[in-house]
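Q: I'm passing along query-v9.txt; it holds compact mmCIF, C-alpha atoms.
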```txt
# COMPACT_ATOMS: atom_id res chain seq x y z
CA MET A 331 101.48 123.27 99.84
CA GLU A 332 101.76 124.18 96.18
CA ALA A 333 98.10 123.71 95.23
CA LEU A 334 96.81 126.02 97.93
CA GLU A 335 99.38 128.75 97.32
CA LYS A 336 97.61 129.34 94.04
CA PRO A 337 94.20 130.95 94.19
CA MET A 338 92.88 128.38 91.68
CA GLY A 339 93.69 125.41 93.92
CA ASP A 340 92.10 127.12 96.90
CA ARG A 341 88.96 127.98 94.94
CA VAL A 342 88.65 124.45 93.56
CA LEU A 343 89.10 122.93 97.02
CA HIS A 344 86.41 125.19 98.48
CA ALA A 345 84.04 124.36 95.61
CA MET A 346 84.55 120.67 96.33
CA ALA A 347 83.87 121.29 100.01
CA GLN A 348 80.58 123.00 99.14
CA ALA A 349 79.59 120.08 96.90
CA HIS A 350 80.53 117.45 99.51
CA PRO A 351 79.62 114.55 99.54
CA ASP A 352 78.90 114.78 95.83
CA THR A 353 81.47 114.90 93.07
CA VAL A 354 82.12 118.08 91.11
CA ASP A 355 81.34 118.47 87.40
CA THR A 356 84.62 119.84 86.04
CA TYR A 357 82.96 121.47 83.02
CA LEU A 358 80.47 123.38 85.19
CA LEU A 359 83.13 124.22 87.76
CA GLY A 360 85.29 125.71 85.01
CA MET A 361 82.36 127.89 83.95
CA VAL A 362 81.63 129.01 87.52
CA LEU A 363 85.27 129.81 88.26
CA GLY A 364 85.80 131.42 84.86
CA CYS A 365 88.83 129.34 83.94
CA ASP A 366 89.78 127.03 81.10
CA LEU A 367 89.65 123.27 81.51
CA ALA A 368 93.44 122.89 81.29
CA ALA A 369 93.99 125.19 84.31
CA LEU A 370 91.21 123.45 86.18
CA GLN A 371 92.65 119.99 85.42
CA GLU A 372 96.05 121.18 86.64
CA ALA A 373 94.56 122.45 89.90
CA ILE A 374 92.59 119.23 90.45
CA GLY A 375 95.69 117.17 89.70
CA ALA A 376 97.67 119.11 92.31
CA LEU A 377 94.92 118.55 94.89
CA VAL A 378 94.77 114.83 94.08
CA ARG A 379 98.58 114.48 94.34
CA ALA A 380 98.47 116.26 97.71
CA GLY A 381 95.79 113.87 98.99
CA LEU A 382 93.21 116.64 99.37
CA ALA A 383 90.94 115.29 96.62
CA GLN A 384 90.32 112.13 94.68
CA ALA A 385 89.20 111.79 91.08
CA ARG A 386 88.66 109.19 88.41
CA SER A 387 91.39 109.16 85.77
CA VAL A 388 90.01 108.81 82.24
CA VAL A 389 91.97 108.78 78.99
CA GLU A 390 90.17 110.61 76.17
CA GLY A 391 91.79 111.36 72.85
CA GLY A 392 95.15 110.19 74.16
CA GLN A 393 95.04 112.64 77.08
CA GLU A 394 94.47 111.80 80.69
CA GLN A 395 91.71 113.77 82.39
CA LEU A 396 90.55 113.76 85.97
CA GLN A 397 86.79 113.44 86.22
CA ALA A 398 84.28 113.48 89.07
CA PRO A 399 86.66 115.01 91.61
CA ARG A 400 85.61 114.76 95.24
CA ILE A 401 87.15 116.24 98.36
CA THR A 402 88.80 113.85 100.84
CA ASP A 403 88.58 114.03 104.62
CA ARG A 404 92.02 115.65 104.63
CA GLY A 405 90.87 118.12 102.00
CA MET A 406 87.82 119.01 104.06
CA SER A 407 90.05 119.72 107.06
CA VAL A 408 92.17 122.06 104.95
CA ALA A 409 89.16 123.73 103.29
CA CYS A 410 87.57 124.38 106.70
CA GLY A 411 90.78 125.86 108.10
CA MET A 412 91.41 123.06 110.61
CA ALA A 413 94.73 122.20 108.92
CA CYS A 414 97.10 123.83 106.44
CA THR A 415 98.41 120.72 104.69
CA ALA A 416 97.29 117.17 103.99
CA ALA A 417 99.93 115.85 106.41
CA GLU A 418 98.70 118.16 109.17
CA ALA A 419 95.10 117.07 108.49
CA GLU A 420 96.11 113.40 108.63
CA SER A 421 97.95 113.94 111.91
CA ALA A 422 94.97 115.76 113.44
CA ALA A 423 92.60 112.98 112.37
CA ALA A 424 94.91 110.34 113.84
CA ARG A 425 95.09 112.23 117.15
CA LEU A 426 91.30 112.56 117.25
CA GLU A 427 90.87 108.85 116.51
CA ALA A 428 93.33 107.91 119.26
CA GLN A 429 91.59 110.19 121.77
CA ALA A 430 88.22 108.66 120.92
CA LEU A 431 89.64 105.15 121.24
CA ARG A 432 91.16 105.94 124.62
CA GLN A 433 87.82 107.30 125.86
CA LEU A 434 85.96 104.23 124.60
CA LEU A 435 88.49 101.85 126.12
CA VAL A 436 88.40 103.65 129.47
CA ALA A 437 84.61 103.31 129.47
CA ARG A 438 84.79 99.61 128.57
CA ILE A 439 87.41 98.96 131.23
CA ALA A 440 85.27 100.74 133.84
CA ALA A 441 82.20 98.71 132.82
CA SER A 442 84.06 95.39 132.86
CA ARG A 443 83.63 92.78 135.56
CA LEU A 444 87.36 92.42 136.09
CA PRO A 445 88.69 92.72 139.64
CA PRO A 446 89.95 96.21 140.57
CA PRO A 447 93.67 95.29 140.38
CA ARG A 448 93.19 94.06 136.81
CA THR A 449 91.24 97.15 135.75
CA GLU A 450 93.95 99.36 137.23
CA GLU A 451 96.58 97.36 135.33
CA LEU A 452 94.64 97.91 132.10
CA ARG A 453 94.24 101.64 132.77
CA GLU A 454 97.98 102.02 133.35
CA ALA A 455 98.85 100.05 130.23
CA LEU A 456 96.37 102.08 128.18
CA ALA A 457 97.91 105.32 129.45
CA ALA A 458 101.38 104.12 128.46
CA ALA A 459 100.42 102.96 124.93
CA THR A 460 101.29 105.27 122.02
CA ASP A 461 98.51 106.67 119.85
CA ARG A 462 99.77 104.86 116.73
CA ALA A 463 100.02 101.52 118.51
CA LEU A 464 96.53 102.00 119.95
CA VAL A 465 94.94 102.85 116.58
CA ASP A 466 96.70 99.96 114.84
CA ALA A 467 95.66 97.50 117.53
CA ALA A 468 92.08 98.79 117.57
CA GLN A 469 91.65 97.76 113.96
CA VAL A 470 92.30 94.17 115.03
CA TRP A 471 91.05 94.07 118.61
CA ALA A 472 87.95 96.27 118.42
CA HIS A 473 85.52 93.44 119.06
CA GLN A 474 87.49 91.52 121.69
CA PRO A 475 86.28 91.29 125.30
CA VAL A 476 88.03 93.51 127.83
CA SER A 477 89.66 90.52 129.52
CA ASP A 478 91.58 89.79 126.29
CA TRP A 479 93.20 93.23 126.44
CA ARG A 480 95.29 92.09 129.41
CA ALA A 481 97.58 90.42 126.90
CA LEU A 482 97.37 93.18 124.29
CA LEU A 483 98.11 96.37 126.23
CA PRO A 484 101.46 95.29 127.73
CA VAL A 485 102.59 94.41 124.20
CA LEU A 486 101.60 97.89 122.99
CA VAL A 487 103.61 99.48 125.78
CA ALA A 488 106.67 97.41 124.87
CA GLN A 489 106.64 98.55 121.20
CA PRO A 490 109.35 101.01 120.16
CA ARG A 491 108.14 104.59 120.17
CA ALA A 492 110.25 105.88 117.25
CA GLY A 493 108.10 107.58 114.62
CA THR A 494 104.87 107.37 116.62
CA ALA A 495 102.79 110.06 118.20
CA GLY A 496 102.28 109.36 121.89
```
Go ahead and render the structure in this file as structure tokens.
A:
Amino acid sequence: MEALEKPMGDRVLHAMAQAHPDTVDTYLLGMVLGCDLAALQEAIGALVRAGLAQARSVVEGGQEQLQAPRITDRGMSVACGMACTAAEAESAAARLEAQALRQLLVARIAASRLPPPRTEELREALAAATDRALVDAAQVWAHQPVSDWRALLPVLVAQPRAGTAG
């Protein structure tokens, strides 16, 4: 990623990680890093474009400036060395979310009052569902009773798998 190949982008990202969850004062950060505001704004802009940071865009004197930058979850993953790029960080977060959902659903299925053949059917359908389909469905079905999943999980299994992590 371009922003992290430059020492400035790396230093700015790590400064944001240290300030997390607060925003960073760009003027003070420039003083601490010993760089001019233009170079700092460029580095912050690269991090924002990469999805590693977010900032408020303000127009002053006809020029756009990024103020109150804050590290994103993806940026924190990169700053902590868990990922090298924003895309890798996003993929890792999606995998973690899917694993957590699977564990929660397995626990809910086990605790349900459904007859054993139905619980086994749900377990098999859950095992066959892709991560992406599971995460998407969880946003809608999170608060539904286990018995309602009987209709949901076979539909997830039947979805095309192209472009999804399974």
Q: Which polymer residues have any atom within 12 Å of an atom of Gln433 (chain A), counting all atoms listed in the file, with same-chain residues fewer than 5 positions away left out, as a PyMOL selection string?
A: chain A and resi 426-428+438-440+453+456-457+464
Q: Please report the interatomic distance between CA of Ala409 (chain A) and CA of His344 (chain A) in Å with one decimal.
A: 5.7 Å
Q: Take CA of Ala345 (chain A) and CA of Gly411 (chain A) and report the distance between them in Å, one decimal.
A: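 For CA of Ala345 (chain A) relative to CA of Gly411 (chain A), the distance reads 14.3 Å.
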Q: Calculated over all atoms listed in the file, which of the candidates A:Ser387, A:Ser421, A:Thr449, A:Gln429 has the smallest distance to Ile374 (chain A)?
A: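 Residue with the minimum atom-to-atom distance to Ile374 (chain A): A:Ser387.
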Q: Let me have the centre and edge lengths in Å, one decimal, of the box along x, y and z around every listed atom of region 438-441 of chain A with 8 Å of margin on each side, as lines of an AutoDock Vina configuration file.
A:
```
center_x = 84.8
center_y = 99.7
center_z = 131.2
size_x = 21.2
size_y = 18.0
size_z = 21.3
```
Q: Which residues, written as a ChimeraX atom specification, have at least one atom at most 10 Å from Ala430 (chain A), with all atoms listed in the file counted and residues fewer than 6 positions away on the same chain left out?
A: /A:424,436,465
Q: Which is closer to Gly364 (chain A) than all the others in A:Leu431, A:Met338, A:Ala459, A:Ala441, using only C-alpha atoms?
A: A:Met338
Q: Could you work out how far CA of Arg462 (chain A) lies from CA of Ala380 (chain A), giving the answer in Å with one decimal?
A: 22.2 Å
Q: Skipping near chain neighbours, those fewer than 4 positions away, what residues fall within 8 Å of Thr353 (chain A) using only C-alpha atoms, listed as an MDAnalysis selection string?
A: chainID A and resid 346 349 398:401
Q: With all atoms listed in the file as the basis for distance, which of A:Cys365, A:Leu382, A:Ala468, A:Leu370 is at the shortest distance from Met406 (chain A)?
A: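 Smallest separation from Met406 (chain A) among the options: A:Leu382.
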Q: May I have the protein, DNA and RNA residues with any atom at most 12 Å from the point (94.5, 122.0, 107.3), counting only C-alpha atoms, written as a ChimeraX atom specification?
A: /A:331,334,340,343,380-382,402-423
Q: Could you write out that same residue set with C-alpha atoms as a short mmCIF file (atom, residue, chain, number, x, y, z; two decimals), in the frame of the given file?
A:
```cif
data_model
loop_
_atom_site.label_atom_id
_atom_site.label_comp_id
_atom_site.auth_asym_id
_atom_site.auth_seq_id
_atom_site.Cartn_x
_atom_site.Cartn_y
_atom_site.Cartn_z
CA MET A 331 101.48 123.27 99.84
CA LEU A 334 96.81 126.02 97.93
CA ASP A 340 92.10 127.12 96.90
CA LEU A 343 89.10 122.93 97.02
CA ALA A 380 98.47 116.26 97.71
CA GLY A 381 95.79 113.87 98.99
CA LEU A 382 93.21 116.64 99.37
CA THR A 402 88.80 113.85 100.84
CA ASP A 403 88.58 114.03 104.62
CA ARG A 404 92.02 115.65 104.63
CA GLY A 405 90.87 118.12 102.00
CA MET A 406 87.82 119.01 104.06
CA SER A 407 90.05 119.72 107.06
CA VAL A 408 92.17 122.06 104.95
CA ALA A 409 89.16 123.73 103.29
CA CYS A 410 87.57 124.38 106.70
CA GLY A 411 90.78 125.86 108.10
CA MET A 412 91.41 123.06 110.61
CA ALA A 413 94.73 122.20 108.92
CA CYS A 414 97.10 123.83 106.44
CA THR A 415 98.41 120.72 104.69
CA ALA A 416 97.29 117.17 103.99
CA ALA A 417 99.93 115.85 106.41
CA GLU A 418 98.70 118.16 109.17
CA ALA A 419 95.10 117.07 108.49
CA GLU A 420 96.11 113.40 108.63
CA SER A 421 97.95 113.94 111.91
CA ALA A 422 94.97 115.76 113.44
CA ALA A 423 92.60 112.98 112.37
#
```
Q: Show me, as a list in words, the residues that have an atom within 12 Å of Gln395 (chain A) when counting only C-alpha atoms, minus same-chain residues fewer than 2 positions from it.
A: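 The contact residues come out as Thr356, Tyr357, Leu367, Ala368, Ala369, Leu370, Gln371, Glu372, Ala373, Ile374, Gly375, Ala385, Arg386, Ser387, Val388, Val389, Glu390, Gly391, Gly392, Gln393, Gln397, Ala398 and Pro399 of chain A.
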Q: Which residue, A:Pro337, A:Ala383, A:Arg432, A:Arg443, has the smallest gap to Asp461 (chain A) when you use all atoms listed in the file?
A: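 Of all the options, A:Arg432 lies closest to Asp461 (chain A).
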